[in-house]
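Student: Sharing a structure with you now.
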Amino acid sequence: MTNTHQTKTQLLDEIAKLRHRITELEASESKREQIEAELNARALQQAVVAELGLLVLAGIDLPTLLAEATVLVAGALRVEYSQVLELLPDRDLLLLRAGIGWQEGLVGNTKVDAQPDSQLGYTLFSSEPVIVKDLQTDNRFKGSSLLHDHAIVSGVSVLIDGEKWPYGVLSIHTSQERIFTKEDINILQAVANVLATAIEHKRTQDALREAHDKLEIRVKERTAELETANEELKNFAYTVSHDLRAPLVNIKGFIGELRFALEDVQSIIDAVMSHLDEEQQQIITTAIQEDIPEAMSFIDSSVTHMDHLVNAILKLSRLGRRELEPELIDMDVVVQKILQTLAHRIEQSQANVIINPLPQVVADQTSMEQIIANILTNAVVYLEPNRPGEIEIKGEQNSTEVIFSIRDNGRGIAKEDMHKVFELFRRAGKQDVPGEGMGLAYVRTLVRRHGGRIWCQSGLGKGTTFTFTISSHLNQGDNHV
Amino acid sequence: MSNIQAVTILLVEDDPGHARLIEKNLRRSNITNEIKAIHDGQHAIDYLFKQGEYVDSPHASPLLVLLDLNLPGLDGYQVLQQMKGDEKTKRIPVVILTTTDDKREVARCYELGCNVYITKPVDYEQFSEAIRKIGLFLSVVTVPNGE
């Protein structure tokens, strides 16, 4: 009996243990299922977000992205209806941008009130996903005609946020009552977040592109304006220098005629002079032999000077109009050629000319010769007579331009005269060397036409270095007007 | 062949000073021909084609034209082009006499059919020399009969 009792008690214990074990197992099984479901949901969420992300990265346009998003969420969450609504600029209406399940013709056209008395409007003002179990009995809002017309019962709507104000709403709906899980809602919100990022990115890109396009247009406009102004300036100089010549021909011509007439008068005056009194003779002699010739001589020399200036302007304007013919030039050859023409002067001043190896350059041959000739001539003629002259020519090439420099140890240019160096008709320093003050103005024009710059560094009594660049972007055979 | 004495020089020049200087220098080189001075392109064309105010004035022919390029209204190029493009006037010798010495303009004038191109030098000695040479040229040139 005791044994039997013991055995029964033991058995009951065992059963209780087993029961407990079963309960434990059952509990862990449901936990496992729960974890599995969570994992599945998370995997689904990741899959949907990843697929959307790929679409965004592929750079598809916004309407297609929105349409794809509604298809993806509807598929993943097994709902009949999904939609993206965009909040229109005046922010009182939502436009049905994309969606599935809706009656034909509604997507792209239907507008819904954005006030908080409808589910979709309400979502705009809610920081949380709006979950509706039964639209009919929900007392937060009345619901919009769009949802009522489709006999919607349950749904979830989330905000698609934007920078300043929301872009709109993403929502899913069913015509049967459904309780949406936390995972469902997470997926929907994740998709809405991806969309918000993509939309914001798109907007930034559009704004950038628009700014870029505007800038491009402005640059084009400015370039055209500058080209016109430049063209006008060239034509102006050209016209002025021609039209100024015509009156000079007259002044010169009639001075010549006056001179002839004066000679005629002179021969007659000589004959009648003896009939005049001394004072009259004095007046006539002064007039005919001094005052009139002096006046004519001043007029004549001034006109000659003016003619030189006009010719200089003409030459400069022609330089601006001449077509450049870029070709591959060996600068060593150019420099040698110029040095030959200066050989006599170099010998006279016993100057030492150092020529470093020079790079080749694609440029207009005549222009290069004129540039080098002007700078080298200046270097030679302005050497200091009381110390051995030294002139050094260097050149180097970088990725965008070729740089040449010509250094001398001549008289140099005073600091206060530096601004005159490249100015037309301006000459600095001691005026003991003849010149028009044109050379470096030409040189600067030529250098600029080759897409380059020119500058000089100088110390009075120490010497001057002229440096100029030639753009590497000139192509052989291209004609540049 | 026409007699050189009968050639009339049509001087088309808008600057009266230039016209006077040209005439003076031509006379100095013993050119005694009649010189008809006209001051703009349209009048030159009217004269050449006997139209406008010249409709009833039969001009002395044959003709030789000294033509400036910078003229008010119808310019020298247009006068040259009309002359050389018309059967009636294309044989009339044209000497372009202008301040412009731009290569392209010289080329353009020859393309349009001018016979001689001379630049007016600003220096008066050179100017006189150039006109004297035209005079010399005029004294040896043979000009076709106008009509």
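Residues in the structure tokens are numbered from 1 in each chain, the chains being A, B, ... in the order shown, and ligands are numbered from 1 in the order shown.
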Using only C-alpha atoms, which residues sit within 7 Å of Val132 in chain A once same-chain residues fewer than 4 positions away are excluded, as a PyMOL selection string?
Tutor: chain A and resi 154-156
Student: Can you list, as a PyMOL selection string, all residues belonging to range 25-230 of chain A that DSSP tags as strand (DSSP E)?
Tutor: chain A and resi 81-87+93-100+111-113+130-132+154-160+168-174
Student: Which polymer residues have any atom within 6 Å of an atom of range 7-10 of chain B, counting only C-alpha atoms, with same-chain residues fewer than 4 positions away left out, as a PyMOL selection string?
Tutor: chain B and resi 33-36+62-65
Student: Would you save the residues of that selection, restricted to N, CA and C atoms, as a short mmCIF file (atom, residue, chain, number, x, y, z; two decimals), in the first residue's frame?
Tutor:
data_model
loop_
_atom_site.label_atom_id
_atom_site.label_comp_id
_atom_site.auth_asym_id
_atom_site.auth_seq_id
_atom_site.Cartn_x
_atom_site.Cartn_y
_atom_site.Cartn_z
N ASN B 33 42.72 118.54 -118.40
CA ASN B 33 41.39 117.97 -118.66
C ASN B 33 40.34 118.63 -117.78
N GLU B 34 39.09 118.52 -118.24
CA GLU B 34 38.00 119.01 -117.41
C GLU B 34 37.92 118.12 -116.16
N ILE B 35 37.78 118.75 -114.99
CA ILE B 35 37.61 117.97 -113.76
C ILE B 35 36.22 118.26 -113.22
N LYS B 36 35.42 117.22 -113.14
CA LYS B 36 34.07 117.36 -112.60
C LYS B 36 34.08 116.82 -111.17
N PRO B 62 34.96 110.53 -123.34
CA PRO B 62 35.00 109.49 -122.31
C PRO B 62 35.35 110.03 -120.92
N LEU B 63 35.19 109.11 -119.94
CA LEU B 63 35.35 109.48 -118.54
C LEU B 63 36.45 108.66 -117.86
N LEU B 64 36.99 109.23 -116.81
CA LEU B 64 37.86 108.48 -115.92
C LEU B 64 37.44 108.91 -114.51
N VAL B 65 37.32 107.94 -113.60
CA VAL B 65 36.79 108.26 -112.28
C VAL B 65 37.89 108.17 -111.21
#
Student: Just checking: using only C-alpha atoms, which residue out of A:Leu135, A:Leu159, A:Ile255, A:Met273 ends up closest to chain B?
Tutor: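 Of A:Leu135, A:Leu159, A:Ile255, A:Met273, the one nearest chain B, counting only C-alpha atoms, is A:Ile255.
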Student: Each residue of chain A with at least one atom at most 7 Å from chain B should appear once, together with its nearest atom pair and the corresponding distance in Å (one decimal); atoms considered: only C-alpha atoms; ordering: chain, then increasing residue number; output as JSON lines.
Tutor:
{"residue": "A:His242", "atom": "CA", "partner": "B:Thr100", "partner_atom": "CA", "distance": 6.4}
{"residue": "A:Arg245", "atom": "CA", "partner": "B:Thr99", "partner_atom": "CA", "distance": 6.6}
{"residue": "A:Ala246", "atom": "CA", "partner": "B:Thr99", "partner_atom": "CA", "distance": 6.4}
{"residue": "A:Leu248", "atom": "CA", "partner": "B:Val122", "partner_atom": "CA", "distance": 6.2}
{"residue": "A:Val249", "atom": "CA", "partner": "B:Val122", "partner_atom": "CA", "distance": 4.6}
{"residue": "A:Asn250", "atom": "CA", "partner": "B:Gly17", "partner_atom": "CA", "distance": 5.8}
{"residue": "A:Lys252", "atom": "CA", "partner": "B:Tyr124", "partner_atom": "CA", "distance": 5.6}
{"residue": "A:Gly253", "atom": "CA", "partner": "B:Tyr124", "partner_atom": "CA", "distance": 5.1}
{"residue": "A:Gly256", "atom": "CA", "partner": "B:Tyr124", "partner_atom": "CA", "distance": 6.5}
Student: For His43 in chain B, work out the shell of residues within 12 Å, counting only C-alpha atoms and skipping chain neighbours fewer than 3 positions away, then give it as a list in words.
Tutor: Leu10, Leu11, Val12, Glu13, Asp14, Lys36, Ala37, Ile38, His39, Asp40, Asp46, Tyr47, Leu48, Phe49, Lys50, Gln51, Gly52, Glu53, Tyr54, Val55, Leu71, Pro72, Gly73, Leu74, Asp75, Gly76 and Val79 of chain B
Student: Looking at only C-alpha atoms, which of B:Asp56, B:Phe137, B:Val143, B:Lys84 is the one that sits closest to Asn30 in chain B?
Tutor: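 For Asn30 in chain B, the nearest of the candidates is B:Phe137.
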Student: Measuring atom to atom with only C-alpha atoms, identify which of A:Ser472, A:Gln340, A:Ile354, A:Thr467 is nearest to Leu328 in chain A.
Tutor: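 Smallest distance to Leu328 in chain A is found for A:Ser472.
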Student: Could you tell me how far CA of Ile375 in chain A lies from CA of Trp455 in chain A, in Å and to one decimal?
Tutor: 11.5 Å
Student: Name all residues at most 10 Å from range 397-403 of chain A (count only C-alpha atoms; drop same-chain ones fewer than 5 positions away) and give them as a compact mmCIF listing (two decimals) with N, CA and C atoms, in the first residue's frame.
Tutor:
# COMPACT_ATOMS: atom_id res chain seq x y z
N LEU A 358 64.57 76.33 -74.44
CA LEU A 358 63.20 76.85 -74.41
C LEU A 358 62.21 75.81 -74.92
N PRO A 359 61.02 75.77 -74.30
CA PRO A 359 60.02 74.80 -74.78
C PRO A 359 59.44 75.24 -76.12
N GLN A 360 58.88 74.27 -76.84
CA GLN A 360 58.16 74.61 -78.07
C GLN A 360 56.80 75.16 -77.66
N VAL A 361 56.18 75.89 -78.57
CA VAL A 361 54.89 76.47 -78.24
C VAL A 361 54.03 76.50 -79.50
N VAL A 362 52.72 76.27 -79.31
CA VAL A 362 51.79 76.43 -80.45
C VAL A 362 51.27 77.85 -80.39
N GLY A 451 45.87 84.11 -75.20
CA GLY A 451 45.33 83.60 -73.94
C GLY A 451 46.32 83.71 -72.80
N GLY A 452 47.24 84.65 -72.90
CA GLY A 452 48.28 84.74 -71.88
C GLY A 452 48.25 86.05 -71.10
N ARG A 453 49.24 86.19 -70.20
CA ARG A 453 49.37 87.39 -69.38
C ARG A 453 50.81 87.84 -69.48
N ILE A 454 51.05 89.10 -69.19
CA ILE A 454 52.43 89.58 -69.15
C ILE A 454 52.58 90.50 -67.96
N THR A 467 57.96 88.72 -67.76
CA THR A 467 57.48 87.34 -67.83
C THR A 467 56.16 87.34 -68.58
N PHE A 468 56.03 86.43 -69.52
CA PHE A 468 54.72 86.29 -70.19
C PHE A 468 54.37 84.83 -70.38
N THR A 469 53.07 84.60 -70.50
CA THR A 469 52.60 83.23 -70.67
C THR A 469 51.85 83.12 -71.99
N ILE A 470 51.85 81.92 -72.53
CA ILE A 470 51.08 81.62 -73.73
C ILE A 470 50.24 80.40 -73.40
N SER A 471 48.94 80.49 -73.62
CA SER A 471 48.05 79.38 -73.30
C SER A 471 48.44 78.13 -74.08
N SER A 472 48.33 76.98 -73.43
CA SER A 472 48.64 75.72 -74.12
C SER A 472 47.43 75.20 -74.88
N HIS A 473 46.34 75.99 -74.88
CA HIS A 473 45.10 75.48 -75.48
C HIS A 473 44.92 75.89 -76.93
N LEU A 474 45.92 76.59 -77.49
CA LEU A 474 45.80 76.92 -78.91
C LEU A 474 46.15 75.67 -79.71
Student: With only C-alpha atoms as the counted atoms, please give the residues lying no more than 7 Å from range 304-310 of chain A, apart from itself and same-chain residues fewer than 4 positions off, as a VMD selection string.
Tutor: chain A and resid 241 300 314
Student: Take the residues that were just selected and, keeping N, CA and C atoms, output them as a compact mmCIF listing (two decimals), in the first residue's frame.
Tutor:
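The new file again-v3.txt reads:
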# COMPACT_ATOMS: atom_id res chain seq x y z
N SER A 241 40.87 105.88 -86.35
CA SER A 241 42.19 106.14 -86.91
C SER A 241 42.11 106.43 -88.41
N ASP A 300 52.87 122.03 -88.74
CA ASP A 300 53.34 120.88 -89.51
C ASP A 300 53.87 119.76 -88.60
N LEU A 314 46.17 102.74 -85.27
CA LEU A 314 45.74 101.92 -86.40
C LEU A 314 46.46 100.56 -86.36
Student: Between B:Leu66, B:Lys88, B:Arg108, B:Thr119, which one has atoms that come closest to Leu26 in chain B, using only C-alpha atoms?
Tutor: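 Among the listed residues, B:Leu66 lies closest to Leu26 in chain B.
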Student: State, in Å with one decimal place, the distance from CA of Leu446 in chain A to CA of Phe466 in chain A.
Tutor: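 A separation of 14.5 Å between them.
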Student: Write out as a list in words the residues lying within 10 Å of range 413-424 of chain A, counting only C-alpha atoms and excluding same-chain residues fewer than 6 positions away.
Tutor: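 Here the answer would be Leu309, Ala312, Ile313, Leu316, Tyr382, Lys430, Glu436, Gly437, Met438, Gly439, Leu440, Ala441, Tyr442, Val443, Arg444, Thr445, Ile454, Trp455, Cys456, Gln457, Ser458, Gly459, Leu460, Gly461, Lys462, Gly463 and Thr464 of chain A.
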Student: Could you dump the residues just selected with N, CA and C atoms as a PDB file, in the first residue's frame?
Tutor:
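In the end it all went to again_27.pdb:
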ATOM      1  N   LEU A 309      50.711 109.148 -84.102  1.00  0.00           N
ATOM      2  CA  LEU A 309      49.841 108.574 -83.076  1.00  0.00           C
ATOM      3  C   LEU A 309      48.682 107.810 -83.721  1.00  0.00           C
ATOM      4  N   ALA A 312      49.862 104.658 -85.046  1.00  0.00           N
ATOM      5  CA  ALA A 312      50.122 103.697 -83.971  1.00  0.00           C
ATOM      6  C   ALA A 312      48.824 103.039 -83.512  1.00  0.00           C
ATOM      7  N   ILE A 313      47.771 103.857 -83.362  1.00  0.00           N
ATOM      8  CA  ILE A 313      46.470 103.305 -82.959  1.00  0.00           C
ATOM      9  C   ILE A 313      45.970 102.339 -84.034  1.00  0.00           C
ATOM     10  N   LEU A 316      47.796  99.120 -83.799  1.00  0.00           N
ATOM     11  CA  LEU A 316      47.342  98.338 -82.658  1.00  0.00           C
ATOM     12  C   LEU A 316      45.972  97.724 -82.925  1.00  0.00           C
ATOM     13  N   TYR A 382      68.314  99.365 -72.970  1.00  0.00           N
ATOM     14  CA  TYR A 382      68.284 100.009 -71.666  1.00  0.00           C
ATOM     15  C   TYR A 382      69.292  99.401 -70.674  1.00  0.00           C
ATOM     16  N   LYS A 430      64.528 107.975 -68.142  1.00  0.00           N
ATOM     17  CA  LYS A 430      65.283 108.919 -68.969  1.00  0.00           C
ATOM     18  C   LYS A 430      64.863 108.773 -70.433  1.00  0.00           C
ATOM     19  N   GLU A 436      58.229 105.279 -79.530  1.00  0.00           N
ATOM     20  CA  GLU A 436      56.890 105.877 -79.539  1.00  0.00           C
ATOM     21  C   GLU A 436      56.093 105.539 -78.294  1.00  0.00           C
ATOM     22  N   GLY A 437      56.608 104.607 -77.510  1.00  0.00           N
ATOM     23  CA  GLY A 437      55.834 104.142 -76.367  1.00  0.00           C
ATOM     24  C   GLY A 437      54.738 103.193 -76.811  1.00  0.00           C
ATOM     25  N   MET A 438      55.023 102.442 -77.871  1.00  0.00           N
ATOM     26  CA  MET A 438      54.013 101.543 -78.430  1.00  0.00           C
ATOM     27  C   MET A 438      54.342 100.081 -78.157  1.00  0.00           C
ATOM     28  N   GLY A 439      55.662  99.799 -78.117  1.00  0.00           N
ATOM     29  CA  GLY A 439      56.122  98.407 -78.144  1.00  0.00           C
ATOM     30  C   GLY A 439      55.430  97.489 -77.167  1.00  0.00           C
ATOM     31  N   LEU A 440      55.445  97.862 -75.880  1.00  0.00           N
ATOM     32  CA  LEU A 440      54.905  96.949 -74.882  1.00  0.00           C
ATOM     33  C   LEU A 440      53.388  96.903 -74.897  1.00  0.00           C
ATOM     34  N   ALA A 441      52.760  97.974 -75.415  1.00  0.00           N
ATOM     35  CA  ALA A 441      51.308  97.919 -75.593  1.00  0.00           C
ATOM     36  C   ALA A 441      50.966  96.871 -76.655  1.00  0.00           C
ATOM     37  N   TYR A 442      51.758  96.839 -77.743  1.00  0.00           N
ATOM     38  CA  TYR A 442      51.579  95.789 -78.761  1.00  0.00           C
ATOM     39  C   TYR A 442      51.770  94.421 -78.147  1.00  0.00           C
ATOM     40  N   VAL A 443      52.882  94.317 -77.411  1.00  0.00           N
ATOM     41  CA  VAL A 443      53.236  93.020 -76.825  1.00  0.00           C
ATOM     42  C   VAL A 443      52.102  92.510 -75.949  1.00  0.00           C
ATOM     43  N   ARG A 444      51.551  93.417 -75.136  1.00  0.00           N
ATOM     44  CA  ARG A 444      50.475  92.977 -74.252  1.00  0.00           C
ATOM     45  C   ARG A 444      49.259  92.513 -75.058  1.00  0.00           C
ATOM     46  N   THR A 445      48.931  93.256 -76.123  1.00  0.00           N
ATOM     47  CA  THR A 445      47.813  92.849 -76.978  1.00  0.00           C
ATOM     48  C   THR A 445      48.052  91.460 -77.569  1.00  0.00           C
ATOM     49  N   ILE A 454      51.053  89.099 -69.191  1.00  0.00           N
ATOM     50  CA  ILE A 454      52.433  89.576 -69.154  1.00  0.00           C
ATOM     51  C   ILE A 454      52.584  90.499 -67.961  1.00  0.00           C
ATOM     52  N   TRP A 455      53.724  90.402 -67.304  1.00  0.00           N
ATOM     53  CA  TRP A 455      53.986  91.297 -66.178  1.00  0.00           C
ATOM     54  C   TRP A 455      55.483  91.527 -66.074  1.00  0.00           C
ATOM     55  N   CYS A 456      55.867  92.512 -65.284  1.00  0.00           N
ATOM     56  CA  CYS A 456      57.292  92.725 -65.119  1.00  0.00           C
ATOM     57  C   CYS A 456      57.628  93.060 -63.679  1.00  0.00           C
ATOM     58  N   GLN A 457      58.852  92.667 -63.302  1.00  0.00           N
ATOM     59  CA  GLN A 457      59.375  92.997 -61.981  1.00  0.00           C
ATOM     60  C   GLN A 457      60.631  93.797 -62.243  1.00  0.00           C
ATOM     61  N   SER A 458      60.826  94.842 -61.461  1.00  0.00           N
ATOM     62  CA  SER A 458      61.975  95.679 -61.760  1.00  0.00           C
ATOM     63  C   SER A 458      62.481  96.389 -60.523  1.00  0.00           C
ATOM     64  N   GLY A 459      63.777  96.673 -60.539  1.00  0.00           N
ATOM     65  CA  GLY A 459      64.365  97.477 -59.487  1.00  0.00           C
ATOM     66  C   GLY A 459      65.193  98.560 -60.173  1.00  0.00           C
ATOM     67  N   LEU A 460      64.986  99.802 -59.810  1.00  0.00           N
ATOM     68  CA  LEU A 460      65.706 100.899 -60.444  1.00  0.00           C
ATOM     69  C   LEU A 460      67.211 100.700 -60.225  1.00  0.00           C
ATOM     70  N   GLY A 461      67.960 100.687 -61.337  1.00  0.00           N
ATOM     71  CA  GLY A 461      69.400 100.479 -61.276  1.00  0.00           C
ATOM     72  C   GLY A 461      69.808  99.023 -61.129  1.00  0.00           C
ATOM     73  N   LYS A 462      68.826  98.135 -61.034  1.00  0.00           N
ATOM     74  CA  LYS A 462      69.163  96.721 -60.825  1.00  0.00           C
ATOM     75  C   LYS A 462      68.849  95.857 -62.044  1.00  0.00           C
ATOM     76  N   GLY A 463      67.740  96.188 -62.684  1.00  0.00           N
ATOM     77  CA  GLY A 463      67.357  95.402 -63.852  1.00  0.00           C
ATOM     78  C   GLY A 463      65.875  95.080 -63.857  1.00  0.00           C
ATOM     79  N   THR A 464      65.451  94.487 -64.950  1.00  0.00           N
ATOM     80  CA  THR A 464      64.029  94.214 -65.148  1.00  0.00           C
ATOM     81  C   THR A 464      63.857  92.781 -65.633  1.00  0.00           C
TER      82      THR A 464
END
